[in-house]
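All remarks here apply to the structure that follows.
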Amino acid sequence: MKLMGDMLLRKEPFEEIVIGNTALVRAMVESGTRVVTSYPGSPTPEIATAIQSIPKGDRPFYFEFSTNEKVATEVAYGAAVNGHLSTVFFKSVGLNVAADTFVQLSLMNIIGGMVVVLGDDPGANSSQNEQDNRHLARLSYTPVLEPANPGEVYLFYKEAATLSRLHHMPVILRLTTHVCHAKEKVAFEGLPDIGFDDTPRFDVRNGPYIPLTTEVFAKKRRALQNLAAAEAYAEDTFINRVVDHGNDRHGVLTMGLPFLSLMDALEGAETKPDILKLGVVHPIPRSLVKEFLACHREVKVLEELDDILEKEVKSIAYDEGLTTRIVGKADPEDWVGEYTADKVYTVISKTWPDLLLPRKRNTRQAPATPARPAQLCPGCGHRSAFYAIKNALAETDITVADIGCHTLGYLPPYEMGQLLMCMGASPGMGSGLALFNDSRKVMAFMGDSTFFHAGLPGVVNAVFNQHAITLILMENGTTAMTGHQDHPATGQNFNDVTEKVPVRSVLEGLGVEHIYEVDTYQQKKLQELVEKAVQDDGFSVVIARHPCMLKFTREQRRKKGYRPRRVSIDQAVCDRNHACVAEFGCPTFTRHEDGSVEINTDLCIGDGSCIQTCPTTAIAPLKS
Ligand SMILES: Cc1ncc(C[n+]2csc(CCOP(=O)(O)OP(=O)(O)O)c2C)c(N)n1
């Protein structure tokens with residue numbers, strides 16, 4: 001970590017192999033970024049890891065994980081209208097949460113400049129959907145720069161910061177999962193001497209900053225002017241470039257990862273199309289595109305996810321009276337998934353069947369990897385909770401999942417969670433399911449980070465409108481799924497030790513009458529409390545608490561004198577009823593063909609949460 005921190009602050013120019021997320025942080029430092037905010041979500045959390053590698057006292061900017069993406073955007077905006085170059089970063093669906101604030105940004109005179117870094121996720125590697133946030137960029141009149149690799153992440157952030165500062169407008173840097181995590185050698189420039197003037201520069205004369213009534217029109221005109229300025233920049237910036245193969249028949253218009261994949265797919269091809277690779281993907285540089293179209297008889301628009309560029313290019317061709325054959329998406333499959341080299345090969349072959357060489361397949365037979373379905377970690381408190389709660393509910397009862405590690409409760413053997421939408425949606429959906437419903441209990445699950453992120457309004461609504469549901473608050477003391485970031489109830493923020501905002505106090509403050517608390521390892525007690533809570537009138541909450549055992553075990557391992565713990569199965573006592581495998585389902589259990597069950601000692605952390613699940617008490621701590 002220290003090495004990374006030193007590198008990010010190195011004065012002289014250097015080259016280093018880094019991932020896109022790390023290259024981004026160096027660009028933030030070089031650009032004089034003063035305030036950075038975020039809410040964690042893949043593929044962006046490693047940006048915070050890189051920031052963390054710089055010791056707090058040496059960090060040239062303030063960083064915080066805010067309670068959600070909307071708040072993070074507001075904090076960054078507030079700092080930017082006070083004169084500080086600011087940046088907010090979050091995952092694709094985070095923009096939905098931030099949207100109410102985000103869509104206003106382009107209307108404002110952001111005197112310090114503001115870069116919005118989005119981690120879009122084609123391929124839905126770690127998201128509920130594949131949403132293409134270029135749509136929201138169009139909707140909000142915000143320019144978008146899209147790099148293809150870590151080197152471009154570094155360069156494009158600096159361009160985005162300069163553009164934003166120059167026109168006092170928000171600029172999006174759109175990363176995708178591949179670009180965030182790809183690794184390559186990047187040549188970094190030296191660190192300029194940046195003297196920060198932290199005088200608060202907020203001044204209403206730079207505004208107005210109140211977008212109401214007729215002010216909205218003037219502001220919208222300003223946003224459109226800024227967009228025109230961004231298009232003028234796009235017409236001759238180095239980040240839009242042509243790869244000239246001297247081909248006046250075939251041309252490809254592309255960007256980001258599809259460009260890299262295209263270069264791969266073209267390897268060895270005798271005839272290669274010319275390529276216009278766009279770095280500014282909104283607004284489109286019309287003249288540049290027109291010229292490219294005019295020089296080719298057939299142009300393929302190669303873009304991941306939706307057909308946004310295709311529509312724009314076709315409308316430019318129409319306006320300019322061009323007869324170039326423009327080929328976009330051929331079928332619905334072209335809209336789905338990451339544009340890897342194999343995918344691009346398929347997509348290009350549909351347009352030009354004879355252009356590419358037969359795709360070389362790796363002929364060496366890779367050893368088959370065993371299937372590894374997603375599962376909760378050994379010792380996870382959520383497992384104990386699901387195991388106990390399943391025993392407390394009838395088969396016909398309805399369970400609503402939320403986003404987090406506990407989402408995995410929907411899998412066998414628990415099957416707790418029959419609907420899922422987005423962060424914080426479970427109490428609201430549960431409330432709807434409870435209407436006109438006296439016969440089936442409704443239970444919603446939610447994690448503690450999500451509670452503060454977007455869960456609160458649904459909880460308040462359940463109190464306010466007296467919905468008869470039970471919320472199980474899965475409190476593991478961290479934002480586990482995205483890599484253990486702190487949240488308001490942990491007593492620590494990114495920078496300091498803080499006062500906790502206890503979940504129970506919040507619920508009491510909201511007037512929740514029925515609140516129960518239990519450690520999830522007390523499975524019998526949890527079952528009894530849930531049986532009671534579902535009988536309560538109206539809204540009830542069970543705080544099902546156990547620390548995240550992955551985090552806990554990691555911390556223990558770092559301590560001096562740490563001795564691993566295990567459990568073992570007494571084969572003489574085990575009657576092979578298989579409750580441990582069939583109902584509790586910890587991944588440390590291996591069931592052999594002869595019916596015996598063994599503990600995988602590489603996985604077992606000796607937490608003992610399984611002991612109570614064995615009717616014959618065959619499981620016991622292993623004496624060391
Ligand atoms: C709007 C949005 N922001 C961020 C994420 C990424 N994300 C997935 S789960 C999660 C938080 C889970 O934390 P918590 O609710 O405490 O549950 P845990 O994983 O700890 O069980 C986050 C931030 C997301 N899916 N959606």
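Chains: A, B, ... in order of the structure tokens. Residues: from 1 per chain. Ligands: from 1, in order shown.
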Q: Counting only C-alpha atoms and all ligand atoms, name the residues that have an atom within 6 Å of an atom of ligand 1; the answer should be given as a PyMOL selection string.
A: chain A and resi 40-41+93-94+97+127+403-406+423+447-450+476+478-482
Q: Identify all residues of region 254-421 of chain A in strand (DSSP E) (DSSP on the backbone) and supply them as a list in words.
A: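 Answer for region 254-421 of chain A, restricted to strand (DSSP E): Thr254, Met255, Asp274, Ile275, Leu276, Lys277, Leu278, Val280, Val281, His282, Glu298, Val299, Lys300, Val301, Arg325, Ile326, Val327, Ile398, Thr399 and Val400 of chain A.
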Atoms to include: N, CA, C and O atoms. Write the selected residues as a PDB file, in the first residue's frame.
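The new file again_29.pdb reads:
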```pdb
ATOM      1  N   THR A 254     -16.045   3.694 -33.531  1.00  0.00           N
ATOM      2  CA  THR A 254     -16.149   2.972 -32.277  1.00  0.00           C
ATOM      3  C   THR A 254     -15.527   3.756 -31.129  1.00  0.00           C
ATOM      4  O   THR A 254     -15.141   4.925 -31.285  1.00  0.00           O
ATOM      5  N   MET A 255     -15.390   3.116 -29.987  1.00  0.00           N
ATOM      6  CA  MET A 255     -14.915   3.780 -28.757  1.00  0.00           C
ATOM      7  C   MET A 255     -14.572   2.714 -27.724  1.00  0.00           C
ATOM      8  O   MET A 255     -14.926   1.545 -27.888  1.00  0.00           O
ATOM      9  N   ASP A 274     -10.605   1.313 -41.929  1.00  0.00           N
ATOM     10  CA  ASP A 274     -10.173   2.508 -41.199  1.00  0.00           C
ATOM     11  C   ASP A 274     -11.048   2.606 -39.948  1.00  0.00           C
ATOM     12  O   ASP A 274     -12.202   2.144 -39.952  1.00  0.00           O
ATOM     13  N   ILE A 275     -10.487   3.215 -38.925  1.00  0.00           N
ATOM     14  CA  ILE A 275     -11.258   3.292 -37.671  1.00  0.00           C
ATOM     15  C   ILE A 275     -11.268   4.731 -37.169  1.00  0.00           C
ATOM     16  O   ILE A 275     -10.215   5.365 -37.090  1.00  0.00           O
ATOM     17  N   LEU A 276     -12.453   5.215 -36.855  1.00  0.00           N
ATOM     18  CA  LEU A 276     -12.524   6.485 -36.107  1.00  0.00           C
ATOM     19  C   LEU A 276     -12.857   6.111 -34.676  1.00  0.00           C
ATOM     20  O   LEU A 276     -13.950   5.636 -34.376  1.00  0.00           O
ATOM     21  N   LYS A 277     -11.858   6.284 -33.818  1.00  0.00           N
ATOM     22  CA  LYS A 277     -12.074   5.956 -32.400  1.00  0.00           C
ATOM     23  C   LYS A 277     -12.413   7.242 -31.655  1.00  0.00           C
ATOM     24  O   LYS A 277     -11.602   8.169 -31.579  1.00  0.00           O
ATOM     25  N   LEU A 278     -13.609   7.274 -31.113  1.00  0.00           N
ATOM     26  CA  LEU A 278     -14.030   8.466 -30.386  1.00  0.00           C
ATOM     27  C   LEU A 278     -13.631   8.367 -28.921  1.00  0.00           C
ATOM     28  O   LEU A 278     -13.835   7.336 -28.273  1.00  0.00           O
ATOM     29  N   VAL A 280     -14.386  11.408 -27.112  1.00  0.00           N
ATOM     30  CA  VAL A 280     -15.544  12.191 -26.656  1.00  0.00           C
ATOM     31  C   VAL A 280     -16.758  11.516 -27.283  1.00  0.00           C
ATOM     32  O   VAL A 280     -16.944  11.564 -28.503  1.00  0.00           O
ATOM     33  N   VAL A 281     -17.581  10.864 -26.481  1.00  0.00           N
ATOM     34  CA  VAL A 281     -18.703  10.112 -27.058  1.00  0.00           C
ATOM     35  C   VAL A 281     -20.023  10.879 -26.950  1.00  0.00           C
ATOM     36  O   VAL A 281     -21.029  10.475 -27.505  1.00  0.00           O
ATOM     37  N   HIS A 282     -19.982  11.987 -26.238  1.00  0.00           N
ATOM     38  CA  HIS A 282     -21.128  12.919 -26.249  1.00  0.00           C
ATOM     39  C   HIS A 282     -20.608  14.296 -25.876  1.00  0.00           C
ATOM     40  O   HIS A 282     -19.927  14.409 -24.866  1.00  0.00           O
ATOM     41  N   GLU A 298     -18.880   2.087 -46.757  1.00  0.00           N
ATOM     42  CA  GLU A 298     -19.653   1.362 -45.729  1.00  0.00           C
ATOM     43  C   GLU A 298     -19.035   1.659 -44.373  1.00  0.00           C
ATOM     44  O   GLU A 298     -17.827   1.498 -44.198  1.00  0.00           O
ATOM     45  N   VAL A 299     -19.860   2.073 -43.419  1.00  0.00           N
ATOM     46  CA  VAL A 299     -19.334   2.336 -42.070  1.00  0.00           C
ATOM     47  C   VAL A 299     -20.120   1.521 -41.055  1.00  0.00           C
ATOM     48  O   VAL A 299     -21.352   1.553 -41.020  1.00  0.00           O
ATOM     49  N   LYS A 300     -19.358   0.769 -40.286  1.00  0.00           N
ATOM     50  CA  LYS A 300     -19.977  -0.016 -39.214  1.00  0.00           C
ATOM     51  C   LYS A 300     -19.862   0.789 -37.924  1.00  0.00           C
ATOM     52  O   LYS A 300     -18.777   1.264 -37.570  1.00  0.00           O
ATOM     53  N   VAL A 301     -20.986   0.957 -37.218  1.00  0.00           N
ATOM     54  CA  VAL A 301     -20.936   1.594 -35.904  1.00  0.00           C
ATOM     55  C   VAL A 301     -20.844   0.467 -34.876  1.00  0.00           C
ATOM     56  O   VAL A 301     -21.765  -0.341 -34.750  1.00  0.00           O
ATOM     57  N   ARG A 325     -23.273   3.603 -46.682  1.00  0.00           N
ATOM     58  CA  ARG A 325     -24.078   2.553 -46.039  1.00  0.00           C
ATOM     59  C   ARG A 325     -23.649   2.482 -44.567  1.00  0.00           C
ATOM     60  O   ARG A 325     -22.472   2.245 -44.268  1.00  0.00           O
ATOM     61  N   ILE A 326     -24.588   2.734 -43.667  1.00  0.00           N
ATOM     62  CA  ILE A 326     -24.248   2.726 -42.231  1.00  0.00           C
ATOM     63  C   ILE A 326     -24.891   1.511 -41.593  1.00  0.00           C
ATOM     64  O   ILE A 326     -26.105   1.313 -41.685  1.00  0.00           O
ATOM     65  N   VAL A 327     -24.057   0.690 -40.956  1.00  0.00           N
ATOM     66  CA  VAL A 327     -24.569  -0.547 -40.365  1.00  0.00           C
ATOM     67  C   VAL A 327     -24.397  -0.487 -38.854  1.00  0.00           C
ATOM     68  O   VAL A 327     -23.293  -0.306 -38.354  1.00  0.00           O
ATOM     69  N   ILE A 398     -44.158 -14.578   2.241  1.00  0.00           N
ATOM     70  CA  ILE A 398     -43.434 -13.915   1.133  1.00  0.00           C
ATOM     71  C   ILE A 398     -42.181 -13.240   1.687  1.00  0.00           C
ATOM     72  O   ILE A 398     -42.251 -12.500   2.681  1.00  0.00           O
ATOM     73  N   THR A 399     -41.053 -13.483   1.056  1.00  0.00           N
ATOM     74  CA  THR A 399     -39.801 -12.871   1.519  1.00  0.00           C
ATOM     75  C   THR A 399     -39.214 -11.995   0.418  1.00  0.00           C
ATOM     76  O   THR A 399     -39.127 -12.399  -0.740  1.00  0.00           O
ATOM     77  N   VAL A 400     -38.819 -10.772   0.798  1.00  0.00           N
ATOM     78  CA  VAL A 400     -38.335  -9.787  -0.169  1.00  0.00           C
ATOM     79  C   VAL A 400     -36.855  -9.517   0.102  1.00  0.00           C
ATOM     80  O   VAL A 400     -36.480  -9.125   1.212  1.00  0.00           O
TER      81      VAL A 400
END
```
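Remark: for Thr199 (chain A), the closest of the candidate residues A:Cys614, A:Ile17, A:Ile472, A:Ala79 is A:Ala79 (distances computed over only C-alpha atoms).
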Q: Could you find all residues in region 406-475 of chain A that DSSP calls alpha helix (DSSP H) from the backbone, and write them as a ChimeraX atom specification?
A: /A:426-434,448-450,456-464
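For region 203-212 of chain A, the set of protein, DNA and RNA residues having any atom at most 7 Å away, when counting only C-alpha atoms and skipping those fewer than 2 positions along the same chain, is Met108, Asn109, Arg201, Thr214, Glu215 and Val216 of chain A.
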Keeping only N, CA and C atoms, write the selected residues as an mmCIF file, in the first residue's frame.
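Okay, this is what ended up in out-v4.cif:
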```
data_model
loop_
_atom_site.group_PDB
_atom_site.id
_atom_site.type_symbol
_atom_site.label_atom_id
_atom_site.label_comp_id
_atom_site.auth_asym_id
_atom_site.auth_seq_id
_atom_site.Cartn_x
_atom_site.Cartn_y
_atom_site.Cartn_z
ATOM 1 N N MET A 108 -25.848 24.592 -13.839
ATOM 2 C CA MET A 108 -25.191 25.448 -12.846
ATOM 3 C C MET A 108 -23.819 25.928 -13.294
ATOM 4 N N ASN A 109 -23.442 27.073 -12.763
ATOM 5 C CA ASN A 109 -22.116 27.637 -13.036
ATOM 6 C C ASN A 109 -21.149 27.050 -12.000
ATOM 7 N N ARG A 201 -14.950 30.504 -2.308
ATOM 8 C CA ARG A 201 -15.256 31.455 -3.389
ATOM 9 C C ARG A 201 -16.730 31.476 -3.770
ATOM 10 N N THR A 214 -38.515 31.204 -14.476
ATOM 11 C CA THR A 214 -37.898 31.595 -15.751
ATOM 12 C C THR A 214 -36.389 31.397 -15.758
ATOM 13 N N GLU A 215 -35.768 31.321 -14.594
ATOM 14 C CA GLU A 215 -34.315 31.074 -14.536
ATOM 15 C C GLU A 215 -33.959 29.789 -15.280
ATOM 16 N N VAL A 216 -34.895 28.840 -15.258
ATOM 17 C CA VAL A 216 -34.613 27.528 -15.855
ATOM 18 C C VAL A 216 -34.273 27.670 -17.336
#
```
Q: Identify which of the residues A:Pro547, A:Gly151, A:Gly417, A:Gly83 lies closest to Tyr521 (chain A), counting only C-alpha atoms when measuring atom-to-atom distances.
A: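 Nearest to Tyr521 (chain A): A:Pro547.
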Q: Tell me which of A:Ser164, A:Asn437, A:Thr44, A:Asn247 sits closest to Gly20 (chain A), counting only C-alpha atoms.
A: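 Looking only at the distances to Gly20 (chain A), the closest residue turns out to be A:Thr44.
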Within 7 Å of region 599-610 of chain A, which residues of region 342-414 of chain A come that close, and what is the closest atom pair and distance in Å for each? Count only C-alpha atoms and give it as a tab-separated table.
```
residue	atom	partner	partner_atom	distance
A:Pro378	CA	A:Cys604	CA	6.3
A:Gly379	CA	A:Asp607	CA	5.6
A:Ser384	CA	A:Ser609	CA	6.8
```
Q: Show which residues sit within 10 Å of Gly585 (chain A), as a list in words. Count only C-alpha atoms, and ignore same-chain residues fewer than 4 positions away.
A: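 Near neighbours after the sequence-gap exclusion: Gln375, Leu376, Pro378, Arg383, Ser384, Tyr387, Pro412, Pro413, Tyr414, His578, Ala579, Cys580, Val581, Phe589, Thr590 and Cys610 of chain A.
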Export C-alpha atoms of the chosen residues as an mmCIF file, in the first residue's frame?
```
data_model
loop_
_atom_site.group_PDB
_atom_site.id
_atom_site.type_symbol
_atom_site.label_atom_id
_atom_site.label_comp_id
_atom_site.auth_asym_id
_atom_site.auth_seq_id
_atom_site.Cartn_x
_atom_site.Cartn_y
_atom_site.Cartn_z
ATOM 1 C CA GLN A 375 -22.360 -18.442 -1.793
ATOM 2 C CA LEU A 376 -22.129 -16.890 1.640
ATOM 3 C CA PRO A 378 -17.992 -19.793 6.017
ATOM 4 C CA ARG A 383 -26.421 -17.872 6.920
ATOM 5 C CA SER A 384 -27.399 -18.445 10.532
ATOM 6 C CA TYR A 387 -31.408 -20.878 8.587
ATOM 7 C CA PRO A 412 -30.892 -23.043 -1.849
ATOM 8 C CA PRO A 413 -31.006 -24.281 0.818
ATOM 9 C CA TYR A 414 -32.526 -21.121 2.382
ATOM 10 C CA HIS A 578 -27.217 -34.354 6.410
ATOM 11 C CA ALA A 579 -28.987 -31.401 8.056
ATOM 12 C CA CYS A 580 -25.624 -29.592 7.991
ATOM 13 C CA VAL A 581 -25.415 -29.832 4.201
ATOM 14 C CA PHE A 589 -18.922 -29.305 4.416
ATOM 15 C CA THR A 590 -18.072 -31.924 1.814
ATOM 16 C CA CYS A 610 -23.010 -24.962 12.459
#
```
Show which residues sit within 12 Å of region 488-492 of chain A, as an mmCIF file with N, CA and C atoms, in the first residue's frame. Count only C-alpha atoms, and ignore same-chain residues fewer than 2 positions away.
```cif
data_model
loop_
_atom_site.group_PDB
_atom_site.id
_atom_site.type_symbol
_atom_site.label_atom_id
_atom_site.label_comp_id
_atom_site.auth_asym_id
_atom_site.auth_seq_id
_atom_site.Cartn_x
_atom_site.Cartn_y
_atom_site.Cartn_z
ATOM 1 N N GLU A 64 -14.331 11.412 0.904
ATOM 2 C CA GLU A 64 -15.281 10.745 1.807
ATOM 3 C C GLU A 64 -16.131 9.743 1.039
ATOM 4 N N PHE A 65 -16.495 8.659 1.752
ATOM 5 C CA PHE A 65 -17.618 7.842 1.310
ATOM 6 C C PHE A 65 -18.837 8.495 1.922
ATOM 7 N N SER A 66 -19.734 8.961 1.098
ATOM 8 C CA SER A 66 -20.957 9.581 1.599
ATOM 9 C C SER A 66 -21.986 8.472 1.818
ATOM 10 N N THR A 67 -23.166 8.837 2.316
ATOM 11 C CA THR A 67 -24.152 7.797 2.640
ATOM 12 C C THR A 67 -24.814 7.205 1.391
ATOM 13 N N ASN A 68 -24.837 7.944 0.311
ATOM 14 C CA ASN A 68 -25.283 7.364 -0.970
ATOM 15 C C ASN A 68 -24.773 8.235 -2.121
ATOM 16 N N GLY A 447 -29.578 -4.859 4.505
ATOM 17 C CA GLY A 447 -28.298 -4.715 5.197
ATOM 18 C C GLY A 447 -28.179 -3.354 5.862
ATOM 19 N N ASP A 448 -27.181 -3.214 6.742
ATOM 20 C CA ASP A 448 -27.063 -1.966 7.519
ATOM 21 C C ASP A 448 -26.569 -0.791 6.668
ATOM 22 N N SER A 449 -25.672 -1.047 5.709
ATOM 23 C CA SER A 449 -25.227 0.056 4.850
ATOM 24 C C SER A 449 -26.390 0.532 3.979
ATOM 25 N N THR A 450 -27.153 -0.421 3.487
ATOM 26 C CA THR A 450 -28.306 -0.087 2.647
ATOM 27 C C THR A 450 -29.368 0.686 3.430
ATOM 28 N N PHE A 451 -29.490 0.359 4.712
ATOM 29 C CA PHE A 451 -30.442 1.065 5.575
ATOM 30 C C PHE A 451 -30.204 2.573 5.494
ATOM 31 N N PHE A 452 -28.914 2.966 5.579
ATOM 32 C CA PHE A 452 -28.597 4.404 5.538
ATOM 33 C C PHE A 452 -28.595 4.954 4.110
ATOM 34 N N HIS A 453 -28.341 4.076 3.145
ATOM 35 C CA HIS A 453 -28.196 4.518 1.742
ATOM 36 C C HIS A 453 -29.534 4.935 1.145
ATOM 37 N N GLU A 475 -27.528 -6.804 10.292
ATOM 38 C CA GLU A 475 -26.465 -5.874 10.694
ATOM 39 C C GLU A 475 -25.132 -6.608 10.893
ATOM 40 N N ASN A 476 -24.242 -6.440 9.930
ATOM 41 C CA ASN A 476 -22.924 -7.085 10.053
ATOM 42 C C ASN A 476 -21.809 -6.066 10.273
ATOM 43 N N GLY A 477 -22.181 -4.816 10.512
ATOM 44 C CA GLY A 477 -21.203 -3.807 10.900
ATOM 45 C C GLY A 477 -20.296 -3.322 9.788
ATOM 46 N N THR A 478 -20.700 -3.501 8.537
ATOM 47 C CA THR A 478 -19.860 -3.044 7.424
ATOM 48 C C THR A 478 -20.652 -3.084 6.126
ATOM 49 N N THR A 479 -20.084 -2.494 5.085
ATOM 50 C CA THR A 479 -20.634 -2.641 3.736
ATOM 51 C C THR A 479 -19.866 -3.803 3.127
ATOM 52 N N HIS A 484 -16.038 -4.004 2.415
ATOM 53 C CA HIS A 484 -15.894 -3.593 3.818
ATOM 54 C C HIS A 484 -15.670 -2.103 4.023
ATOM 55 N N GLN A 485 -16.444 -1.290 3.339
ATOM 56 C CA GLN A 485 -16.362 0.145 3.620
ATOM 57 C C GLN A 485 -17.183 0.447 4.876
ATOM 58 N N ASP A 486 -16.790 1.510 5.576
ATOM 59 C CA ASP A 486 -17.539 1.890 6.776
ATOM 60 C C ASP A 486 -18.853 2.553 6.395
ATOM 61 N N PHE A 494 -14.115 7.318 6.495
ATOM 62 C CA PHE A 494 -12.893 7.032 5.727
ATOM 63 C C PHE A 494 -11.663 7.652 6.392
ATOM 64 N N ASN A 495 -11.894 8.754 7.109
ATOM 65 C CA ASN A 495 -10.760 9.522 7.624
ATOM 66 C C ASN A 495 -10.557 9.425 9.129
ATOM 67 N N ASP A 496 -11.625 9.221 9.890
ATOM 68 C CA ASP A 496 -11.545 9.366 11.348
ATOM 69 C C ASP A 496 -12.451 8.394 12.086
ATOM 70 N N VAL A 497 -12.169 8.308 13.398
ATOM 71 C CA VAL A 497 -13.124 7.657 14.296
ATOM 72 C C VAL A 497 -14.249 8.662 14.534
ATOM 73 N N THR A 498 -15.491 8.182 14.504
ATOM 74 C CA THR A 498 -16.633 9.105 14.657
ATOM 75 C C THR A 498 -17.641 8.536 15.645
ATOM 76 N N GLU A 499 -18.611 9.338 15.992
ATOM 77 C CA GLU A 499 -19.734 8.843 16.789
ATOM 78 C C GLU A 499 -20.551 7.893 15.924
ATOM 79 N N LYS A 500 -20.990 6.777 16.517
ATOM 80 C CA LYS A 500 -21.852 5.866 15.748
ATOM 81 C C LYS A 500 -23.247 6.467 15.588
ATOM 82 N N VAL A 501 -23.895 6.118 14.510
ATOM 83 C CA VAL A 501 -25.324 6.426 14.371
ATOM 84 C C VAL A 501 -26.021 5.065 14.486
ATOM 85 N N PRO A 502 -26.382 4.644 15.713
ATOM 86 C CA PRO A 502 -26.858 3.262 15.865
ATOM 87 C C PRO A 502 -28.194 3.029 15.160
ATOM 88 N N VAL A 503 -28.274 1.908 14.494
ATOM 89 C CA VAL A 503 -29.484 1.551 13.754
ATOM 90 C C VAL A 503 -30.700 1.565 14.691
ATOM 91 N N ARG A 504 -30.519 1.015 15.888
ATOM 92 C CA ARG A 504 -31.653 0.933 16.816
ATOM 93 C C ARG A 504 -32.154 2.328 17.190
ATOM 94 N N SER A 505 -31.223 3.253 17.481
ATOM 95 C CA SER A 505 -31.653 4.611 17.862
ATOM 96 C C SER A 505 -32.421 5.263 16.721
ATOM 97 N N VAL A 506 -31.957 5.031 15.493
ATOM 98 C CA VAL A 506 -32.653 5.628 14.340
ATOM 99 C C VAL A 506 -34.082 5.086 14.279
ATOM 100 N N PRO A 547 -21.084 -9.791 13.335
ATOM 101 C CA PRO A 547 -20.063 -9.135 12.505
ATOM 102 C C PRO A 547 -19.740 -9.950 11.273
#
```
(Q) If I take CA of Leu357 (chain A) and CA of Lys272 (chain A), how far is one from the other in Å, to one decimal? (A) 10.7 Å
(Q) List as a ChimeraX atom specification the protein and nucleic acid residues near Val88 (chain A), meaning an atom at most 8 Å away when only C-alpha atoms are counted, but skip any in the same chain fewer than 5 places from it. (A) /A:36-38,72-73,76,114-117
(Q) I want to know what sits within 9 Å of Ser126 (chain A), based on only C-alpha atoms, with residues of the same chain fewer than 2 positions away left out; could you give that as a list in words? (A)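 My list of contacting residues is Gly41, Ser42, Pro43, Asp121, Gly123, Ala124, Gln128 and Asn129 of chain A.
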Keeping N, CA, C and O atoms, export the residues of the selection given above as a JSON list (two decimals), in the first residue's frame.
```json
[["chain", "number", "residue", "atom", "x", "y", "z"],
["A", 41, "GLY", "N", -19.27, 0.83, -5.00],
["A", 41, "GLY", "CA", -19.98, -0.04, -5.94],
["A", 41, "GLY", "C", -19.03, -0.45, -7.05],
["A", 41, "GLY", "O", -18.30, 0.40, -7.58],
["A", 42, "SER", "N", -19.05, -1.72, -7.41],
["A", 42, "SER", "CA", -18.17, -2.22, -8.47],
["A", 42, "SER", "C", -18.58, -1.59, -9.79],
["A", 42, "SER", "O", -19.77, -1.38, -10.01],
["A", 43, "PRO", "N", -17.66, -1.23, -10.66],
["A", 43, "PRO", "CA", -16.23, -1.55, -10.63],
["A", 43, "PRO", "C", -15.33, -0.45, -10.07],
["A", 43, "PRO", "O", -14.16, -0.38, -10.44],
["A", 121, "ASP", "N", -21.27, -0.95, -16.32],
["A", 121, "ASP", "CA", -20.99, -2.38, -16.17],
["A", 121, "ASP", "C", -21.61, -3.22, -17.29],
["A", 121, "ASP", "O", -22.48, -4.06, -17.04],
["A", 123, "GLY", "N", -22.15, -6.25, -19.40],
["A", 123, "GLY", "CA", -21.90, -7.63, -18.96],
["A", 123, "GLY", "C", -22.50, -7.89, -17.59],
["A", 123, "GLY", "O", -22.52, -9.04, -17.13],
["A", 124, "ALA", "N", -23.00, -6.83, -16.92],
["A", 124, "ALA", "CA", -23.62, -6.97, -15.59],
["A", 124, "ALA", "C", -22.78, -7.88, -14.70],
["A", 124, "ALA", "O", -23.30, -8.79, -14.06],
["A", 128, "GLN", "N", -27.32, -5.15, -11.24],
["A", 128, "GLN", "CA", -28.63, -5.75, -11.54],
["A", 128, "GLN", "C", -29.01, -5.59, -13.00],
["A", 128, "GLN", "O", -30.00, -6.16, -13.44],
["A", 129, "ASN", "N", -28.32, -4.71, -13.72],
["A", 129, "ASN", "CA", -28.67, -4.50, -15.13],
["A", 129, "ASN", "C", -27.42, -4.06, -15.88],
["A", 129, "ASN", "O", -26.33, -4.00, -15.31]]
```
